[in-house]
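Peer 1: Before I ask anything, here is the structure I am working with.
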Amino acid sequence: MKTHLLAFCFALAGAFAAPMYANPASDLVEARILTGWRGEDGRHVAALHLDMKDGWKTYWRAPGDAGIPPRFDWRGSRNLSGVAITWPTPRAISQNGVRTIGYANSLTLPLHVMPNQKGKAITLDGTVELGLCKDVCLPLTLRISQELPKDVGKRDPRIVAALAARPFSAREAGVGRVVCRMTPIDDGLRLRAEVDVASQGAGEIAVIETDNPQIWVAQAQSARQGGRLVIETELYHVDGKSFALNRDGIRITVIGGGQAVDIKGCPGG
């Protein structure tokens, strides 16, 4: 496990080698909330919209070993019960031999906002921590504040397009048999997943996540066997402890050719 964590640390060190003050955030990205619309059920659909300088990118929720996963803190908000995110399909980005997963130039990230009291305005107020990368990587904290009116009804085409760009569900993609087998290794587990799923196109990759943030998942390797995708990775506890893996909490995303499939749960076989 130490070898894997050292490789991870060296990748991050290389990414952040340049001075952090070299590119102020205001010069690199413009962030705003698209106010969206209110549904009949009281839920408000808004979006975080990022416009980045040409060639800059930010990261998906599972960005790879050298990426920076976005973090959201809405504790300053009013009339807010919760926020759920729909992630548009990302793409694999290779830089200096390191693969990360994210979005280039711009991103519209739909936010499903649940109020405490229906029929009243919601104020989204908080911070978004994210990474912004080109030749160097910068961790940024953006302050966001926006009122979402109670009577907005017109759908924003930018948000509609971002919602449509989400990965297909396993059912929508016609995914068949899904099986995960686990083998103990030093300090961790090796996971082999076999998924009957059609190819997602050129540059197909697979990403495996778990519902336990204390489990580190190595970059998965995948290969096709006809209509079956075989995926292998290794998992370790970040503190070197033994751990149990919740099969229902395993999430496999197959990405390629501008589309993706989101597969939740991986039973034994």
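Note on naming: chains are A, B, ... as they come in the structure tokens, residues start from 1 per chain, ligands start from 1 in the order shown.
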Can you pull out the residues contacting Glu194 of chain A? Cut-off 6 Å, using only C-alpha atoms, and skip same-chain residues under 6 positions away; I want them as number ranges by chain.
Peer 2: A: 178-179, 229-230
Peer 1: Fewer than 5 positions away in the same chain doesn't count, so skip those; otherwise give me all residues within 7 Å of Lys264 of chain A, counting only C-alpha atoms, as a list in words.
Peer 2: Ile250, Arg251 and Ile252 of chain A
Peer 1: Measuring between only C-alpha atoms, which one of A:Asp73, A:Gly55, A:Asn79, A:Ala202 shows the shortest distance to Val136 of chain A?
Peer 2: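 Checking each of A:Asp73, A:Gly55, A:Asn79, A:Ala202 against Val136 of chain A, counting only C-alpha atoms, the winner is A:Gly55.
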Peer 1: Identify which of the residues A:Phe72, A:Trp216, A:Trp87, A:Tyr59 lies closest to Ile159 of chain A, counting only C-alpha atoms when measuring atom-to-atom distances.
Peer 2: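 The shortest atom-to-atom distance to Ile159 of chain A comes from A:Trp87.
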Peer 1: Which one of A:Ile85, A:Val197, A:Val113, A:Val29 sits closest to Leu132 of chain A if you count only C-alpha atoms?
Peer 2: A:Val29
Peer 1: Where in segment 47-262 of chain A does DSSP assign helix (DSSP H, G or I), given as a ChimeraX atom specification?
Peer 2: /A:157-164,247-249
Peer 1: Which residue is closest to Gly82 of chain A? Choose from A:Gly176, A:Gly256, A:Pro115, A:Gly36 and count only C-alpha atoms.
Peer 2: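 Answer, going by the shortest atom-to-atom distance: A:Pro115.
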